[in-house]
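Engineer: My structure is below; once you've seen it, I'll send some questions.
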There are 2 protein chains.
Amino acid sequence: MYLPSHFEETRIDVLHELIRAQPLGLLITLSANGLQANPFPFLIDAGPTPLGTLRGHLARANPLWHEARADVDALVVFQGPQAYISPSLYPSKAATGKVVPTWNYVTVQARGKLRAVDDPAWVRGIVERLTQTHEAPRAVPWAVSDAPTDYVNSMLRAIVGIEIELSALQGKWKVSQNRSAADRQGVAHGLAQQAQASANSQTAAMARLVAGGSTA
Amino acid sequence: MYLPSHFEETRIDVLHELIRAQPLGLLITLSANGLQANPFPFLIDAGPTPLGTLRGHLARANPLWHEARADVDALVVFQGPQAYISPSLYPSKAATGKVVPTWNYVTVQARGKLRAVDDPAWVRGIVERLTQTHEAPRAVPWAVSDAPTDYVNSMLRAIVGIEIELSALQGKWKVSQNRSAADRQGVAHGLAQQAQASANSQTAAMARLVAGGSTA
């Protein structure tokens with residue numbers, strides 16, 4: 001990824017936080033049929049330090065887990081907030097006219113060797129953790145143990161675990177850091193107004209980022 | 001991409017519509033340094049039929065346009081609405097308990113040979129069209145001609161055009177089509193409630209999709 005230093009986010013805890021907030025990662029691999037991209041919800045674990053490990057699962061019927069070429073590292077891309085930035089949001093437009101449009105976005109890219117884990121106990125553990133994570137906000141969280149044992153076992157046989165111990169982890173926070181403080185304020189204010197008008201939460205999140213608020 | 005037939009969207013106009021609604025595509029290429037993924041806003045043109053052409057531009061300083069391997073087709077991934085689906089949203093949970101969580105999402109994947117276009121007039125045309133497209137919702141749309149000519153020319157020299165005539169175009173609408181009508185209603189209702197609680201427009205969009213509403 002092209003990553004000018006003023007857009008780079010290097011704090012590992014911030015990158016892990018984005019992955020937890022936007023856990024649907026795009027797993028990119030190379031196979032004999034070319035580039036492959038499949039979305040999966042991932043868990044990020046902090047160890048081994050410093051970069052951590054991504055874990056998840058996929059349908060056994062998805063050929064990815066046995067077709068991905070082992071000599072090319074897998075890449076997993078997580079996408080945070082994004083928004084078109086009109087030059088009209090910059091106060092400097094009125095002063096000099098020297099402004100052009102751009103697109104703001106937040107993305108985290110993780111890289112490492114993809115390992116398939118065809119082990120029912122391991123896969124059950126990941127399914128239980130993913131479930132606990134995503135059921136946590138619910139008033140009455142569903143648990144894997146709520147379903148009949150035979151049914152759960154048959155569903156678990158239909159999936160395979162995946163694990164990527166990270167060898168690289170990059171964050172790009174393209175959120176107007178290359179503009180003056182006044183222009184950043186103009187963007188944050190303009191996006192907040194657009195978000196209110198459109199109920200667009202991605203835009204609202206980008207507004208908070210540009211204002212220097214929460215990381216994602 | 002793993003694409004069971006019940007999740008496949010084959011209508012080209014629907015796929016182009018998703019690209020226009022979510023134009024920030026992830027351009028994936030292979031270079032000598034491995035897999036590369038860079039987000040750019042794209043324009044989709046309907047011709048040549050049937051699949052059309054993606055066009056955009058990137059920073060000249062981004063090595064992608066001269067480092068991407070020509071023998072591996074580029075892949076561009078567009079992401080629509082997505083949401084975690086709790087088994088608690090299915091009425092069938094109460095009846096049989098035979099339910100597990102999943103993740104719904106909409107994605108379009110476009111493939112073809114990447115061509116760099118280092119031609120100032122071509123690049124200016126793309127910048128003007130992108131600007132017109134994304135400024136259209138604004139009360140007073142900004143236009144490239146609003147900026148000083150020398151400034152615009154210097155900015156245009158800093159970018160390079162890209163064009164991908166599509167050789168493949170796939171759509172995956174994973175929006176609960178494999179569930180009963182009652183379960184789909186339960187998901188649509190549950191997501192709509194969550195969206196109201198969280199002001200999460202992605203969730204609201206997925207609720208509309210599951211209910212059989214607009215395509216993205």
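Every chain in the structure tokens has a letter given in the order shown (A, B, ...), and although residue numbers restart at 1 in each chain, ligands are simply numbered from 1 in the order shown.
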Could you build a table of the residues in chain B lying no more than 6 Å from chain A, giving for each the nearest pair of atoms and their separation in Å rounded to one decimal place, using only C-alpha atoms, ordered by chain and ascending residue number, as JSON lines?
Structural biologist:
```
{"residue": "B:Met1", "atom": "CA", "partner": "A:Asn38", "partner_atom": "CA", "distance": 5.4}
{"residue": "B:Tyr2", "atom": "CA", "partner": "A:Asn62", "partner_atom": "CA", "distance": 5.5}
{"residue": "B:Gln36", "atom": "CA", "partner": "A:Met1", "partner_atom": "CA", "distance": 5.9}
{"residue": "B:Ala37", "atom": "CA", "partner": "A:Met1", "partner_atom": "CA", "distance": 5.7}
{"residue": "B:Asn38", "atom": "CA", "partner": "A:Met1", "partner_atom": "CA", "distance": 5.4}
{"residue": "B:Asn62", "atom": "CA", "partner": "A:Tyr2", "partner_atom": "CA", "distance": 5.5}
{"residue": "B:Gly97", "atom": "CA", "partner": "A:Ala147", "partner_atom": "CA", "distance": 5.1}
{"residue": "B:Lys98", "atom": "CA", "partner": "A:Ala147", "partner_atom": "CA", "distance": 5.7}
{"residue": "B:Ala147", "atom": "CA", "partner": "A:Gly97", "partner_atom": "CA", "distance": 5.1}
{"residue": "B:Asn200", "atom": "CA", "partner": "A:Ser201", "partner_atom": "CA", "distance": 5.4}
{"residue": "B:Ser201", "atom": "CA", "partner": "A:Asn200", "partner_atom": "CA", "distance": 5.5}
```
Engineer: Would you put the residues from that selection into a file with C-alpha atoms, as a PDB file, in the first residue's frame?
Structural biologist:
```pdb
ATOM      1  CA  MET B   1     -14.427 -15.663  -4.300  1.00  0.00           C
ATOM      2  CA  TYR B   2     -16.462 -18.532  -2.895  1.00  0.00           C
ATOM      3  CA  GLN B  36      -0.686  -5.128  -2.918  1.00  0.00           C
ATOM      4  CA  ALA B  37      -4.022  -3.486  -2.045  1.00  0.00           C
ATOM      5  CA  ASN B  38      -4.772   0.233  -2.531  1.00  0.00           C
ATOM      6  CA  ASN B  62       2.586   5.244  -5.861  1.00  0.00           C
ATOM      7  CA  GLY B  97     -32.887 -24.292  18.056  1.00  0.00           C
ATOM      8  CA  LYS B  98     -31.041 -25.315  14.871  1.00  0.00           C
ATOM      9  CA  ALA B 147      -8.960  26.404  -9.223  1.00  0.00           C
ATOM     10  CA  ASN B 200     -25.540   2.620  11.890  1.00  0.00           C
ATOM     11  CA  SER B 201     -26.394   3.144   8.246  1.00  0.00           C
TER      12      SER B 201
END
```
Engineer: Please list as a compact mmCIF listing (two decimals) with N, CA and C atoms, in the first residue's frame every residue within 8 Å of segment 156-173 of chain A, counting only C-alpha atoms and excluding residues in the same chain fewer than 5 positions away.
Structural biologist:
```
# COMPACT_ATOMS: atom_id res chain seq x y z
N LEU A 3 1.91 4.58 1.21
CA LEU A 3 1.67 5.06 2.56
C LEU A 3 2.61 6.21 2.92
N PHE A 7 0.38 9.97 6.79
CA PHE A 7 -0.87 9.20 6.91
C PHE A 7 -0.68 7.89 7.68
N GLU A 8 0.54 7.61 8.12
CA GLU A 8 0.80 6.31 8.73
C GLU A 8 0.43 6.27 10.21
N GLU A 9 -0.28 5.22 10.58
CA GLU A 9 -0.58 4.95 12.00
C GLU A 9 0.22 3.72 12.39
N THR A 10 1.10 3.89 13.36
CA THR A 10 2.01 2.79 13.71
C THR A 10 1.69 2.12 15.04
N ILE A 12 0.35 -0.25 17.43
CA ILE A 12 -0.26 -1.58 17.25
C ILE A 12 -1.62 -1.66 17.95
N LEU A 15 -4.22 -0.13 15.77
CA LEU A 15 -4.52 -0.98 14.60
C LEU A 15 -5.40 -2.17 15.01
N PRO A 48 1.53 -13.72 19.08
CA PRO A 48 2.74 -13.28 19.75
C PRO A 48 3.05 -11.81 19.44
N LEU A 51 3.02 -8.10 16.79
CA LEU A 51 1.97 -7.85 15.79
C LEU A 51 0.68 -8.62 16.02
N GLY A 52 0.77 -9.83 16.64
CA GLY A 52 -0.43 -10.59 16.92
C GLY A 52 -0.81 -11.57 15.84
N THR A 53 -2.00 -12.14 15.97
CA THR A 53 -2.47 -13.23 15.11
C THR A 53 -3.94 -13.02 14.77
N LEU A 54 -4.29 -13.23 13.51
CA LEU A 54 -5.70 -13.23 13.08
C LEU A 54 -6.20 -14.66 13.01
N ARG A 55 -7.44 -14.86 13.48
CA ARG A 55 -8.04 -16.20 13.42
C ARG A 55 -9.49 -16.10 12.96
N GLY A 56 -9.94 -17.13 12.26
CA GLY A 56 -11.32 -17.17 11.82
C GLY A 56 -11.63 -18.55 11.27
N HIS A 57 -12.66 -18.63 10.44
CA HIS A 57 -13.01 -19.92 9.83
C HIS A 57 -13.72 -19.66 8.51
N LEU A 58 -13.79 -20.70 7.70
CA LEU A 58 -14.46 -20.57 6.41
C LEU A 58 -15.16 -21.89 6.08
N ALA A 59 -16.03 -21.83 5.09
CA ALA A 59 -16.73 -23.03 4.64
C ALA A 59 -15.71 -24.03 4.09
N ARG A 60 -15.87 -25.29 4.50
CA ARG A 60 -15.00 -26.33 3.95
C ARG A 60 -15.09 -26.36 2.42
N ALA A 61 -16.26 -26.00 1.90
CA ALA A 61 -16.47 -26.02 0.45
C ALA A 61 -15.74 -24.88 -0.27
N TRP A 65 -8.76 -22.54 1.28
CA TRP A 65 -7.86 -23.04 2.32
C TRP A 65 -6.87 -24.08 1.83
N ALA A 74 -0.41 -14.21 2.62
CA ALA A 74 -1.78 -13.72 2.56
C ALA A 74 -1.82 -12.27 3.07
N TYR A 105 -9.98 8.00 4.10
CA TYR A 105 -10.33 6.64 4.53
C TYR A 105 -9.35 6.16 5.59
N VAL A 106 -9.78 5.11 6.27
CA VAL A 106 -8.96 4.43 7.27
C VAL A 106 -8.86 2.97 6.86
N THR A 107 -7.65 2.44 6.81
CA THR A 107 -7.51 1.02 6.47
C THR A 107 -6.35 0.40 7.24
N VAL A 108 -6.51 -0.86 7.58
CA VAL A 108 -5.46 -1.64 8.24
C VAL A 108 -5.16 -2.84 7.36
N GLN A 109 -3.88 -3.07 7.11
CA GLN A 109 -3.49 -4.21 6.27
C GLN A 109 -2.54 -5.11 7.05
N ALA A 110 -2.93 -6.38 7.15
CA ALA A 110 -2.17 -7.38 7.91
C ALA A 110 -1.69 -8.46 6.97
N ARG A 111 -0.48 -8.95 7.21
CA ARG A 111 0.15 -9.88 6.27
C ARG A 111 0.79 -11.03 7.02
N GLY A 112 0.77 -12.21 6.42
CA GLY A 112 1.44 -13.35 7.03
C GLY A 112 1.09 -14.63 6.31
N LYS A 113 1.65 -15.74 6.78
CA LYS A 113 1.38 -17.04 6.15
C LYS A 113 0.02 -17.55 6.61
N LEU A 114 -0.80 -17.96 5.66
CA LEU A 114 -2.12 -18.52 5.97
C LEU A 114 -1.95 -19.98 6.35
N ARG A 115 -2.54 -20.35 7.51
CA ARG A 115 -2.50 -21.74 7.95
C ARG A 115 -3.94 -22.22 8.10
N ALA A 116 -4.29 -23.32 7.47
CA ALA A 116 -5.62 -23.92 7.67
C ALA A 116 -5.55 -24.83 8.88
N VAL A 117 -6.60 -24.79 9.71
CA VAL A 117 -6.62 -25.60 10.93
C VAL A 117 -7.86 -26.50 10.86
N ASP A 118 -7.64 -27.73 10.44
CA ASP A 118 -8.77 -28.66 10.27
C ASP A 118 -8.86 -29.53 11.52
N ASP A 119 -9.29 -28.91 12.62
CA ASP A 119 -9.30 -29.53 13.95
C ASP A 119 -10.59 -29.10 14.64
N PRO A 120 -11.53 -30.04 14.86
CA PRO A 120 -12.86 -29.67 15.37
C PRO A 120 -12.81 -28.90 16.70
N TRP A 122 -10.39 -26.93 17.90
CA TRP A 122 -9.87 -25.59 17.63
C TRP A 122 -10.95 -24.73 16.98
N VAL A 123 -11.61 -25.31 15.98
CA VAL A 123 -12.64 -24.56 15.25
C VAL A 123 -13.80 -24.21 16.20
N ARG A 124 -14.19 -25.15 17.07
CA ARG A 124 -15.26 -24.86 18.02
C ARG A 124 -14.88 -23.70 18.93
N ILE A 126 -12.89 -21.17 18.24
CA ILE A 126 -12.97 -19.90 17.49
C ILE A 126 -14.43 -19.49 17.29
```
Engineer: Using Å and a single decimal, report how far atom CA of Pro137 of chain A sits from atom CA of Ala181 of chain B.
Structural biologist: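 Going from atom CA of Ala181 of chain B over to atom CA of Pro137 of chain A covers 25.8 Å.
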Engineer: Using only C-alpha atoms, which of the listed residues (B:Ser145, B:Gln132, B:Gln185, B:Ser92) sits closest to Leu43 of chain B?
Structural biologist: B:Gln132
Engineer: Rounded to one decimal in Å, what is the spacing between atom CA of Asp45 of chain A and atom CA of Ala121 of chain A?
Structural biologist: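 Rounded to one decimal, the two atoms are 18.1 Å apart.
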Engineer: Mind the document's chain letters and residue numbers, and return as a ChimeraX atom specification the residues of segment 105-176 of chain B that DSSP labels strand (DSSP E or B).
Structural biologist: /B:105-117,159-174
